[in-house]
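Undergrad: File follows, start-v8.txt with compact mmCIF, C-alpha atoms:
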# COMPACT_ATOMS: atom_id res chain seq x y z
CA MET A 7 0.00 0.00 0.00
CA ARG A 8 2.98 2.30 -0.17
CA CYS A 9 3.11 2.62 -3.94
CA ALA A 10 2.20 6.17 -4.94
CA GLU A 11 -0.34 4.83 -7.41
CA SER A 12 -2.30 2.79 -4.86
CA LEU A 13 -5.24 5.19 -4.61
CA ARG A 14 -5.49 5.38 -8.37
CA VAL A 15 -5.31 1.61 -8.63
CA GLN A 16 -8.16 1.44 -6.13
CA ALA A 17 -10.12 3.92 -8.28
CA TYR A 18 -9.45 1.66 -11.27
CA PHE A 19 -10.79 -1.29 -9.27
CA ASP A 20 -13.92 0.73 -8.42
CA ALA A 21 -14.44 1.63 -12.10
CA GLU A 22 -13.95 5.31 -11.33
CA VAL A 23 -11.37 6.12 -14.03
CA ASP A 24 -11.74 6.83 -17.73
CA ALA A 25 -10.52 4.42 -20.39
CA LEU A 26 -7.24 6.25 -20.96
CA THR A 27 -6.32 6.23 -17.28
CA ALA A 28 -7.42 2.62 -17.02
CA ALA A 29 -5.02 1.60 -19.78
CA GLU A 30 -2.23 3.57 -18.11
CA LEU A 31 -2.90 1.89 -14.75
CA GLU A 32 -3.07 -1.55 -16.31
CA ARG A 33 0.43 -0.96 -17.66
CA HIS A 34 1.54 0.16 -14.22
CA VAL A 35 0.09 -2.90 -12.51
CA GLU A 36 1.96 -5.16 -14.91
CA HIS A 37 5.22 -3.83 -13.52
CA CYS A 38 4.25 -3.22 -9.89
CA ALA A 39 3.93 -6.32 -7.74
CA GLU A 40 2.60 -4.26 -4.86
CA CYS A 41 -0.34 -2.98 -6.88
CA ARG A 42 -1.01 -6.44 -8.28
CA ALA A 43 -1.31 -7.72 -4.72
CA LEU A 44 -3.47 -4.74 -3.87
CA LEU A 45 -5.92 -5.60 -6.64
CA GLN A 46 -6.17 -9.15 -5.33
CA ASP A 47 -6.80 -7.90 -1.80
CA LEU A 48 -9.51 -5.53 -2.98
CA GLU A 49 -11.18 -8.35 -4.86
CA GLN A 50 -11.03 -10.64 -1.87
CA VAL A 51 -12.50 -8.09 0.54
CA ARG A 52 -15.29 -7.36 -1.91
CA THR A 53 -16.10 -11.04 -2.40
CA VAL A 54 -16.28 -11.73 1.32
CA LEU A 55 -18.32 -8.62 2.09
CA ARG A 56 -20.84 -9.14 -0.67
CA ARG A 57 -21.31 -12.78 0.16
CA GLU A 58 -21.54 -12.52 3.92
CA ALA A 59 -22.74 -9.06 4.82
CA GLY A 60 -25.43 -8.11 2.37
CA VAL A 61 -28.26 -10.18 3.77
CA VAL A 62 -29.70 -7.81 6.37
CA ARG A 63 -33.12 -6.55 5.41
CA ALA A 64 -35.63 -4.26 7.07
CA PRO A 65 -37.87 -6.41 9.30
CA ALA A 66 -41.47 -6.80 8.12
CA ALA A 67 -42.70 -5.30 11.39
CA LEU A 68 -40.68 -2.13 10.79
CA ARG A 69 -41.98 -1.90 7.24
CA ALA A 70 -45.56 -2.16 8.52
CA LYS A 71 -44.89 0.44 11.21
CA ILE A 72 -43.52 2.85 8.62
CA MET A 73 -46.55 2.34 6.38
CA ARG A 74 -48.83 3.20 9.30
CA ALA A 75 -46.75 6.27 10.12
CA LEU A 76 -47.08 7.37 6.48
CA ASP A 77 -50.84 6.85 6.70
CA GLN A 78 -50.95 9.22 9.66
CA GLU A 79 -48.69 11.67 7.90
CA GLY A 80 -51.03 11.67 4.92
CA ALA A 81 -54.09 12.08 7.12
CA ALA A 82 -52.49 15.02 8.91
CA ASP A 83 -51.63 16.70 5.61
CA GLY A 84 -54.97 16.37 3.91
CA ALA A 85 -58.34 17.78 4.80
CA ALA A 86 -61.19 15.51 5.86
CA ARG A 87 -61.13 12.72 3.34
CA PRO A 88 -62.79 9.80 5.11
CA ASN A 89 -61.84 6.44 3.59
CA LYS A 90 -61.04 7.99 0.29
CA ARG A 91 -57.29 7.77 0.36
CA ALA A 92 -56.78 4.07 0.01
CA SER A 93 -59.06 3.55 -2.94
CA THR A 94 -57.86 6.60 -4.84
CA SER A 95 -54.18 6.05 -4.36
CA TRP A 96 -54.16 2.63 -5.99
CA ARG A 97 -56.05 3.93 -8.94
CA MET A 98 -53.78 6.87 -9.48
CA ARG A 99 -50.41 5.31 -9.11
CA PRO A 100 -49.98 3.06 -12.11
CA PHE A 101 -51.50 5.71 -14.28
CA ARG A 102 -49.09 8.32 -13.03
CA LEU A 103 -46.08 6.10 -13.22
CA GLY A 104 -46.76 4.18 -16.32
CA MET A 105 -48.73 6.46 -18.57
CA ARG A 106 -47.69 9.97 -17.82
CA PRO A 107 -44.31 10.14 -19.53
CA PHE A 108 -45.87 8.78 -22.69
CA TRP A 109 -48.78 11.18 -22.70
CA VAL A 110 -46.67 14.13 -21.75
CA GLY A 111 -44.37 13.32 -24.63
CA ALA A 112 -47.22 12.94 -27.05
CA PHE A 113 -49.33 15.90 -26.03
CA GLY A 114 -47.04 18.10 -23.94
CA GLY A 115 -47.38 21.78 -24.64
CA ILE A 116 -50.55 21.56 -26.65
CA GLY A 117 -52.92 21.35 -23.74
CA GLY A 118 -53.90 17.81 -24.51
CA THR A 119 -52.42 16.37 -21.38
CA ALA A 120 -55.49 16.77 -19.24
CA ILE A 121 -57.75 15.16 -21.79
CA ALA A 122 -55.31 12.38 -22.42
CA ALA A 123 -54.92 11.88 -18.71
CA ALA A 124 -58.64 11.65 -18.21
CA LEU A 125 -58.88 9.19 -21.06
CA ALA A 126 -56.06 7.08 -19.76
CA PHE A 127 -57.59 7.15 -16.33
CA PHE A 128 -60.83 5.64 -17.51
CA LEU A 129 -59.14 3.11 -19.73
CA VAL A 130 -56.77 1.93 -17.07
CA ALA A 131 -58.64 2.41 -13.82
CA PRO A 132 -61.14 -0.46 -13.86
CA ARG A 133 -58.65 -3.27 -13.81
CA LEU A 134 -56.18 -1.55 -11.53
CA THR A 135 -58.63 -1.28 -8.69
CA ASP A 136 -58.41 -5.06 -8.66
CA PRO A 137 -58.29 -6.23 -5.02
CA LEU A 138 -55.99 -8.95 -6.32
CA LEU A 139 -53.05 -6.55 -5.97
CA ASP A 140 -53.74 -6.06 -2.29
CA GLU A 141 -54.14 -9.78 -1.81
CA LEU A 142 -50.82 -10.51 -3.48
CA VAL A 143 -48.86 -7.95 -1.46
CA SER A 144 -50.45 -9.12 1.79
CA ALA A 145 -49.71 -12.74 0.95
CA HIS A 146 -46.11 -11.89 0.13
CA VAL A 147 -45.57 -9.93 3.35
CA ARG A 148 -47.27 -12.67 5.38
CA SER A 149 -44.97 -15.26 3.83
CA LEU A 150 -41.90 -13.36 5.06
CA MET A 151 -42.96 -13.73 8.68
CA PRO A 152 -41.24 -16.53 10.56
CA ALA A 153 -42.43 -20.03 9.62
CA HIS A 154 -44.89 -18.82 6.99
CA LEU A 155 -42.72 -19.02 3.92
CA ILE A 156 -42.75 -22.66 2.92
CA ASP A 157 -45.09 -25.62 3.37
CA VAL A 158 -42.97 -28.07 1.45
CA VAL A 159 -39.24 -27.50 1.73
CA SER A 160 -37.41 -28.83 -1.27
CA THR A 161 -35.02 -27.83 -3.96
CA ASP A 162 -36.33 -30.65 -6.15
CA LYS A 163 -39.11 -29.83 -8.59
CA HIS A 164 -40.17 -33.48 -8.54
CA THR A 165 -41.05 -33.08 -4.88
CA VAL A 166 -42.63 -29.64 -5.06
CA LYS A 167 -44.81 -30.14 -8.13
CA PRO A 168 -46.66 -33.28 -6.95
CA TRP A 169 -47.20 -31.66 -3.55
CA PHE A 170 -49.26 -28.95 -5.23
CA ALA A 171 -51.56 -31.56 -6.74
CA GLY A 172 -52.89 -32.51 -3.31
CA HIS A 173 -52.95 -29.06 -1.77
CA THR A 174 -53.93 -26.56 -4.44
CA ASP A 175 -56.23 -26.23 -7.43
CA VAL A 176 -53.47 -25.70 -9.97
CA SER A 177 -50.25 -27.23 -11.18
CA PRO A 178 -47.83 -24.48 -12.11
CA VAL A 179 -44.44 -24.58 -13.77
CA VAL A 180 -41.81 -25.57 -11.20
CA ALA A 181 -38.09 -25.59 -11.86
CA ASP A 182 -34.84 -24.84 -10.13
CA PHE A 183 -32.75 -22.11 -11.75
CA ALA A 184 -29.84 -22.21 -9.31
CA GLN A 185 -27.40 -21.79 -12.21
CA ALA A 186 -29.02 -18.50 -13.08
CA GLY A 187 -29.08 -17.42 -9.43
CA TYR A 188 -32.70 -18.31 -8.69
CA ARG A 189 -32.72 -21.18 -6.25
CA LEU A 190 -35.89 -23.17 -5.76
CA ILE A 191 -36.45 -23.44 -2.01
CA GLY A 192 -39.97 -24.80 -1.77
CA GLY A 193 -43.68 -24.40 -2.26
CA ARG A 194 -46.71 -23.18 -0.37
CA ALA A 195 -50.46 -23.20 -0.70
CA ASP A 196 -52.23 -19.86 -0.40
CA TYR A 197 -55.81 -18.72 -0.75
CA LEU A 198 -55.96 -16.13 -3.49
CA ASP A 199 -58.58 -14.90 -5.91
CA HIS A 200 -61.12 -17.23 -4.28
CA GLN A 201 -59.13 -20.37 -4.96
CA ARG A 202 -56.34 -22.47 -3.53
CA SER A 203 -53.40 -21.07 -5.41
CA ALA A 204 -49.90 -22.50 -5.63
CA VAL A 205 -46.86 -20.48 -4.60
CA VAL A 206 -43.39 -21.47 -5.73
CA VAL A 207 -40.70 -19.89 -3.58
CA TYR A 208 -37.31 -18.88 -4.94
CA GLN A 209 -34.31 -17.31 -3.31
CA HIS A 210 -32.24 -14.80 -5.22
CA GLY A 211 -29.29 -13.51 -3.21
CA ALA A 212 -30.81 -12.35 0.04
CA HIS A 213 -34.24 -11.87 -1.48
CA VAL A 214 -37.25 -14.13 -1.52
CA ILE A 215 -39.33 -14.25 -4.67
CA ASN A 216 -42.85 -15.66 -4.38
CA VAL A 217 -44.32 -16.87 -7.66
CA PHE A 218 -48.10 -17.08 -7.27
CA SER A 219 -50.23 -18.99 -9.75
CA TRP A 220 -53.96 -19.46 -10.08
CA ALA A 221 -56.49 -20.49 -12.68
CA GLY A 222 -57.06 -17.58 -15.03
CA ALA A 223 -60.33 -15.70 -15.32
CA GLU A 224 -61.92 -13.87 -18.23
CA ARG A 225 -60.29 -10.56 -17.55
CA ALA A 226 -57.12 -8.67 -18.26
CA LEU A 227 -54.25 -9.10 -15.86
CA PRO A 228 -53.03 -6.01 -14.01
CA ASP A 229 -49.96 -4.29 -15.40
CA ASN A 230 -46.67 -4.72 -13.58
CA VAL A 231 -46.68 -2.38 -10.58
CA THR A 232 -44.74 -1.51 -7.46
CA ARG A 233 -46.65 -1.50 -4.20
CA SER A 234 -45.39 -0.84 -0.69
CA GLY A 235 -41.89 -1.27 -2.06
CA TYR A 236 -42.58 -4.67 -3.64
CA HIS A 237 -42.54 -5.28 -7.37
CA LEU A 238 -45.34 -7.34 -8.91
CA ALA A 239 -44.82 -8.87 -12.36
CA PHE A 240 -47.77 -10.57 -14.05
CA TRP A 241 -48.00 -12.98 -16.94
CA LYS A 242 -50.19 -15.68 -18.38
CA SER A 243 -49.11 -19.13 -19.45
CA GLY A 244 -51.56 -21.70 -20.68
CA ASP A 245 -54.63 -21.65 -18.46
CA LEU A 246 -52.77 -20.17 -15.52
CA GLU A 247 -52.06 -16.66 -14.42
CA TYR A 248 -48.82 -15.92 -12.62
CA CYS A 249 -47.52 -13.13 -10.46
CA ALA A 250 -43.95 -12.89 -9.19
CA VAL A 251 -43.61 -10.68 -6.09
CA SER A 252 -40.37 -9.51 -4.52
CA ASP A 253 -38.31 -6.58 -3.37
CA THR A 254 -35.48 -7.44 -5.72
CA GLY A 255 -34.83 -5.02 -8.56
CA TRP A 256 -37.07 -5.13 -11.59
CA ASP A 257 -34.28 -6.62 -13.71
CA GLU A 258 -33.73 -9.52 -11.33
CA LEU A 259 -37.44 -10.18 -11.06
CA LYS A 260 -37.93 -10.08 -14.80
CA GLY A 261 -35.00 -12.46 -15.23
CA LEU A 262 -36.89 -15.13 -13.32
CA VAL A 263 -40.14 -14.31 -15.11
CA SER A 264 -38.56 -14.83 -18.51
CA LEU A 265 -37.03 -18.16 -17.41
CA LEU A 266 -40.44 -19.33 -16.20
CA ARG A 267 -42.20 -18.06 -19.31
CA ASP A 268 -39.78 -19.93 -21.55
CA LEU A 269 -40.46 -23.13 -19.62
CA GLY A 270 -44.20 -22.48 -19.65
CA GLU A 271 -44.22 -22.37 -23.45
CA GLY A 272 -43.41 -26.07 -23.52
CA ASP A 273 -45.20 -27.10 -20.37
CA ALA A 274 -48.36 -25.03 -20.38
CA GLY A 275 -51.55 -26.12 -18.70
CA ALA A 276 -53.51 -26.54 -15.51
CA GLY A 277 -54.25 -29.68 -13.61
CA GLY A 278 -51.35 -31.60 -15.15
CA MET B 5 -51.52 13.93 -1.84
CA ASP B 6 -52.61 10.45 -2.81
CA ASP B 7 -50.47 10.71 -5.84
CA LYS B 8 -47.53 11.81 -3.70
CA ARG B 9 -47.89 8.77 -1.47
CA ALA B 10 -48.07 6.50 -4.48
CA ARG B 11 -44.97 7.98 -6.09
CA PHE B 12 -43.18 7.87 -2.76
CA GLU B 13 -43.91 4.17 -2.34
CA ALA B 14 -42.79 3.39 -5.85
CA GLU B 15 -39.61 5.49 -5.87
CA VAL B 16 -38.36 5.61 -2.28
CA LEU B 17 -39.56 2.49 -0.49
CA PRO B 18 -37.60 0.10 -2.74
CA HIS B 19 -34.55 1.56 -0.94
CA LEU B 20 -35.90 0.78 2.53
CA ASP B 21 -33.61 -2.23 3.02
CA ALA B 22 -30.58 -0.16 2.03
CA ALA B 23 -31.63 2.61 4.41
CA TYR B 24 -32.09 0.04 7.18
CA ARG B 25 -28.64 -1.49 6.62
CA PHE B 26 -27.07 1.97 6.60
CA ALA B 27 -28.88 2.83 9.83
CA ARG B 28 -27.53 -0.32 11.43
CA TRP B 29 -23.97 0.59 10.50
CA LEU B 30 -24.51 4.07 11.88
CA SER B 31 -26.50 3.51 14.98
CA HIS B 32 -25.74 1.54 18.08
CA ALA B 33 -28.58 -0.95 18.44
CA PRO B 34 -31.15 -2.54 16.13
CA GLY B 35 -33.93 -0.76 18.01
CA ASP B 36 -32.21 2.55 17.34
CA ALA B 37 -31.88 1.63 13.69
CA ASP B 38 -35.66 1.09 13.53
CA ASP B 39 -36.35 4.54 14.98
CA LEU B 40 -33.72 6.13 12.80
CA VAL B 41 -35.11 4.62 9.61
CA GLN B 42 -38.67 5.53 10.46
CA GLU B 43 -37.66 9.11 11.23
CA ALA B 44 -35.68 9.29 7.98
CA ILE B 45 -38.55 7.91 5.88
CA LEU B 46 -41.00 10.41 7.37
CA ARG B 47 -38.56 13.24 6.78
CA ALA B 48 -38.03 12.02 3.23
CA PHE B 49 -41.79 11.94 2.71
CA ARG B 50 -42.18 15.53 3.88
CA ALA B 51 -39.32 16.64 1.63
CA PHE B 52 -40.37 14.46 -1.29
CA ASP B 53 -41.97 17.30 -3.24
CA SER B 54 -38.66 19.15 -3.33
CA LEU B 55 -36.71 16.14 -4.60
CA ARG B 56 -35.15 16.90 -7.98
CA GLY B 57 -33.21 14.46 -10.04
CA SER B 58 -33.36 10.73 -10.12
CA ASP B 59 -30.78 9.58 -7.59
CA VAL B 60 -33.33 8.68 -4.95
CA LYS B 61 -31.10 6.22 -3.13
CA THR B 62 -28.31 8.73 -2.50
CA TRP B 63 -30.88 11.29 -1.43
CA LEU B 64 -32.50 8.89 1.06
CA MET B 65 -29.17 7.72 2.45
CA ALA B 66 -28.10 11.33 3.05
CA ILE B 67 -31.34 11.87 4.99
CA VAL B 68 -30.64 8.79 7.11
CA ARG B 69 -27.21 10.15 7.90
CA ASN B 70 -28.54 13.61 8.76
CA CYS B 71 -31.18 12.11 11.04
CA HIS B 72 -28.49 10.07 12.73
CA TYR B 73 -26.28 13.05 13.43
CA THR B 74 -29.19 15.16 14.61
CA ALA B 75 -30.14 12.43 17.06
CA ALA B 76 -26.54 11.75 18.01
CA SER B 77 -25.75 15.36 18.76
CA GLN B 78 -28.92 15.68 20.80
CA LEU B 79 -28.00 12.69 22.89
CA LYS B 80 -24.31 13.61 22.89
CA ARG B 81 -23.35 10.03 22.50
CA ARG B 82 -20.79 8.30 20.46
CA ALA B 83 -22.27 6.01 17.88
CA PHE B 84 -20.99 2.48 17.81
CA VAL B 85 -22.23 -0.86 16.59
CA PRO B 86 -22.64 -3.59 19.19
CA LEU B 87 -20.77 -6.82 18.91
CA PRO B 88 -23.24 -9.40 17.64
CA GLU B 89 -24.37 -11.84 20.30
CA GLU B 90 -24.97 -15.52 19.87
CA ASN B 91 -28.70 -14.95 20.21
CA ASP B 92 -28.72 -12.27 17.56
CA ALA B 93 -27.96 -14.77 14.85
CA GLN B 94 -31.57 -15.03 13.74
CA ASP B 95 -31.95 -11.32 13.55
CA GLY B 96 -31.33 -10.22 10.01
CA TYR B 97 -30.37 -13.66 8.75
CA ALA B 98 -33.87 -15.04 8.56
CA MET B 99 -33.60 -15.29 4.79
CA THR B 100 -30.61 -17.56 4.74
CA ALA B 101 -32.24 -19.92 7.24
CA THR B 102 -34.28 -21.32 4.37
CA THR B 103 -31.27 -22.89 2.70
CA PRO B 104 -31.26 -26.66 2.71
CA ASP B 105 -27.81 -27.59 3.98
CA PRO B 106 -27.56 -27.02 7.72
CA GLN B 107 -23.84 -27.77 7.99
CA ASP B 108 -22.75 -25.31 5.36
CA GLU B 109 -25.21 -22.97 6.92
CA SER B 110 -23.70 -23.15 10.36
CA ILE B 111 -20.18 -22.50 9.05
CA ARG B 112 -21.59 -19.65 7.04
CA ARG B 113 -23.26 -18.21 10.12
CA ASP B 114 -19.97 -18.32 12.00
CA GLU B 115 -18.25 -16.45 9.22
CA GLN B 116 -21.04 -13.94 9.03
CA ARG B 117 -20.82 -13.33 12.74
CA THR B 118 -17.05 -12.97 12.61
CA LEU B 119 -17.31 -10.55 9.73
CA ASP B 120 -20.04 -8.55 11.45
CA ARG B 121 -17.79 -8.22 14.48
CA LEU B 122 -14.83 -7.11 12.38
CA ILE B 123 -16.94 -4.56 10.55
CA ALA B 124 -18.36 -3.31 13.84
CA GLY B 125 -14.79 -2.84 15.06
CA LEU B 126 -13.96 -0.36 12.31
CA PRO B 127 -14.30 3.36 13.07
CA GLU B 128 -17.73 4.55 12.04
CA GLU B 129 -16.54 6.86 9.26
CA HIS B 130 -14.54 4.01 7.73
CA ARG B 131 -17.27 1.43 8.17
CA THR B 132 -19.96 3.52 6.48
CA VAL B 133 -17.79 4.41 3.48
CA LEU B 134 -16.79 0.78 3.01
CA MET B 135 -20.33 -0.57 3.21
CA LEU B 136 -21.80 2.13 1.00
CA ARG B 137 -19.27 1.14 -1.65
CA GLU B 138 -19.27 -2.64 -1.37
CA ILE B 139 -22.82 -3.46 -0.34
CA GLU B 140 -24.88 -0.55 -1.61
CA GLU B 141 -22.59 -0.11 -4.63
CA LEU B 142 -22.61 3.67 -4.54
CA ASP B 143 -19.86 5.39 -6.52
CA TYR B 144 -17.36 7.85 -5.04
CA ARG B 145 -19.44 10.89 -5.86
CA GLN B 146 -22.56 9.42 -4.27
CA ILE B 147 -20.65 8.35 -1.15
CA SER B 148 -19.21 11.83 -0.93
CA GLN B 149 -22.74 13.26 -1.04
CA VAL B 150 -24.12 10.85 1.53
CA THR B 151 -21.27 11.21 4.01
CA ASN B 152 -20.64 14.88 3.30
CA VAL B 153 -16.87 14.58 2.85
CA PRO B 154 -14.70 15.32 -0.22
CA ILE B 155 -14.07 12.55 -2.73
CA GLY B 156 -10.38 12.43 -1.79
CA THR B 157 -11.38 11.63 1.77
CA VAL B 158 -13.77 8.95 0.52
CA MET B 159 -10.89 7.35 -1.35
CA SER B 160 -8.47 7.36 1.55
CA ARG B 161 -11.09 6.06 3.99
CA LEU B 162 -11.98 3.30 1.56
CA ALA B 163 -8.34 2.29 1.21
CA ARG B 164 -7.79 2.25 4.95
CA SER B 165 -10.98 0.37 5.80
CA ARG B 166 -10.35 -2.26 3.12
CA ALA B 167 -6.79 -2.82 4.28
CA ALA B 168 -7.87 -3.01 7.92
CA LEU B 169 -10.67 -5.46 7.19
CA LYS B 170 -8.40 -7.67 5.10
CA GLU B 171 -5.81 -7.67 7.89
CA ARG B 172 -8.31 -8.56 10.60
CA TRP B 173 -10.05 -11.15 8.50
CA LEU B 174 -6.75 -12.92 7.89
CA GLN B 175 -5.96 -12.85 11.60
CA GLU B 176 -9.35 -14.29 12.55
CA VAL B 177 -10.07 -16.77 9.84
CA GLY B 178 -6.51 -17.43 8.78
CA GLY B 179 -6.48 -17.54 5.03
CA GLU B 180 -9.03 -17.91 2.34
CA PRO B 181 -12.64 -17.64 3.40
CA HIS B 182 -14.49 -20.92 3.56
CA ALA B 183 -15.99 -21.63 0.17
CA VAL B 184 -19.73 -21.84 0.45
CA ARG B 185 -22.04 -21.79 -2.59
Go ahead and render the structure in this file as structure tokens.
TA:
Amino acid sequence: MRCAESLRVQAYFDAEVDALTAAELERHVEHCAECRALLQDLEQVRTVLRREAGVVRAPAALRAKIMRALDQEGAADGAARPNKRASTSWRMRPFRLGMRPFWVGAFGGIGGTAIAAALAFFLVAPRLTDPLLDELVSAHVRSLMPAHLIDVVSTDKHTVKPWFAGHTDVSPVVADFAQAGYRLIGGRADYLDHQRSAVVVYQHGAHVINVFSWAGAERALPDNVTRSGYHLAFWKSGDLEYCAVSDTGWDELKGLVSLLRDLGEGDAGAGG
Amino acid sequence: MDDKRARFEAEVLPHLDAAYRFARWLSHAPGDADDLVQEAILRAFRAFDSLRGSDVKTWLMAIVRNCHYTAASQLKRRAFVPLPEENDAQDGYAMTATTPDPQDESIRRDEQRTLDRLIAGLPEEHRTVLMLREIEELDYRQISQVTNVPIGTVMSRLARSRAALKERWLQEVGGEPHAVR
């Protein structure tokens, strides 16, 4: 650590230097044993830290407490709006998040935004008030409480899939994607959308991903949304509807969704 | 108002776990971390309308830090992280308890506990910089904003904390970390 370049080598390791400097430092490291050792040390510390120390997550109880505090905060801010907040907020959010940039881009500056917004609101609102979203988030949060996550503990799809046959109304796609970072850790039965749905539980890093599945109905699925800090990704496969819920990033969640969708193409169907 | 809450939940709450981890590195007991995070989230909510730009995580982390120092200066106490106790093992590691191999798991727990203790032993200003970089993956500029020190200081603290952790880890575990996974 006494080489004069050590801080710059560290910056190189942290991807904080431009390409020219990077090339210069790579040449330096070739000739400097001290900096070569430094790079190895940095890598080792990073590996250990990321593997062992990243697993701490906010407890579910704290999350719930914060949501209640925000409720109070909102109530204190607003005038008398009895019972209106909850129903309105769900309707507004996906519209605001999902539609607004598009409409603003299309109509911005010509006064069409309000009309477009109103239109979008009526087009989108009916299926986004779906109580299904609340059910899914509640079921996910409930599953994270101690001893609620898994009914059948297994990393083997040949154990998990048959278990569903006796305990739920559906037979979803089950597979282990440990190679891709999504480890199958078990299954659970849950009551959802008025039926006994199947939940396949995956672990991705420190995060749990619940993949809910239930027999589809004659209606459009909700769009992908974020609620209470959890992402919900929906898709259909065969006769079944699926929703993956987690607090991983969208990219990680969609990675699992696309793996499951690919499998579902070949293995579609309920009751199998 | 409803819209504000909805946007807040979608943009800020995904960073709740990061804020909680940061609070634990800053504050001296898990209970304190809970209070600190809740205070920070409420403050963030009140200030949400004035948030400009897209770097929500850095913004939230800076609020956590400010809340911590406000509380710390009020109580005139030195912040430190407790050494993890045997009984604390469940706390925060609930997720890994679902893995199927109990033997690997118990070795892993030991290493986690050792590492937690080593991290806790670092000076606070070193510990926070290190964890913001390695766990939260903030870049130098973001760390500088969150911790309110110049980038040069971020770099030297990073270098010192990494070297110290490496040194202590070698002393404790004696060589390569046990290969799990």
Undergrad: In Å, with one decimal, what is the gap from CA of Thr232 in chain A to CA of Glu258 in chain A?
TA: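 Computing the Euclidean distance for CA of Thr232 in chain A and CA of Glu258 in chain A yields 14.2 Å.
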Undergrad: What is the distance, in Å and to one decimal place, between CA of Ala195 in chain A and CA of Arg69 in chain A?
TA: 24.3 Å
Undergrad: Taking (-48.0, -1.5, -6.7) as a centre in this file's frame and 9 Å as the limit, can you find every polymer residue with an atom that close, using only C-alpha atoms, and give them as a PyMOL selection string?
TA: (chain A and resi 96+99-100+139-140+143+230-238) or (chain B and resi 10+13-14)
Undergrad: Which residue gives the smallest distance to chain A among B:Ser54, B:Leu119, B:Ile155, B:Gln149, with only C-alpha atoms counted?
TA: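 Checking each candidate against chain A, we get B:Leu119 as the closest.
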Undergrad: Kindly indicate which residue among A:Arg194, A:His154, A:His173, A:His213 lies nearest to chain B, using all atoms listed in the file for the distances.
TA: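 The answer is A:His213, which sits nearest to chain B.
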Undergrad: Go ahead and compute the interatomic distance for CA of Tyr24 in chain B and CA of Asp38 in chain B, in Å to one decimal.
TA: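 Taking CA of Tyr24 in chain B as the start and CA of Asp38 in chain B as the end point, the length is 7.4 Å.
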Undergrad: Measuring between only C-alpha atoms, which one of A:Asp257, A:Glu30, A:Glu49, A:Glu141 shows the shortest distance to chain B?
TA: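 Of A:Asp257, A:Glu30, A:Glu49, A:Glu141, the one nearest chain B is A:Glu49, counting only C-alpha atoms.
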Undergrad: Nearest to chain A: which of B:Phe52, B:Tyr144, B:Trp29, B:Tyr73 is it, counting only C-alpha atoms?
TA: B:Tyr144
Undergrad: Around all the atoms of range 239-250 of chain A listed in the file, with 3 Å of room on each side, what axis-aligned box do you get, giving centre and edge lengths in Å to one decimal, as lines of an AutoDock Vina configuration file?
TA:
center_x = -49.3
center_y = -15.3
center_z = -14.9
size_x = 16.7
size_y = 18.8
size_z = 17.5
Undergrad: So, with all atoms listed in the file as the atoms that count, which of A:Arg14, A:Lys167, A:His146, A:His200 lies closest to chain B?
TA: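 Among the listed residues, the smallest separation from chain B belongs to A:Arg14.
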Undergrad: Just checking: using all atoms listed in the file, which residue out of A:His37, A:Arg267, A:Lys260, A:Arg63 ends up closest to chain B?
TA: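 Among the listed residues, A:Arg63 lies closest to chain B.
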Undergrad: For Met73 in chain A, list every protein, DNA or RNA residue within 12 Å, evaluated using only C-alpha atoms, and leave out those in the same chain fewer than 6 positions away; present the list as a PyMOL selection string.
TA: (chain A and resi 66-67+79-80+233-235) or (chain B and resi 9-10+12-13+17+20+42+45-46+49)
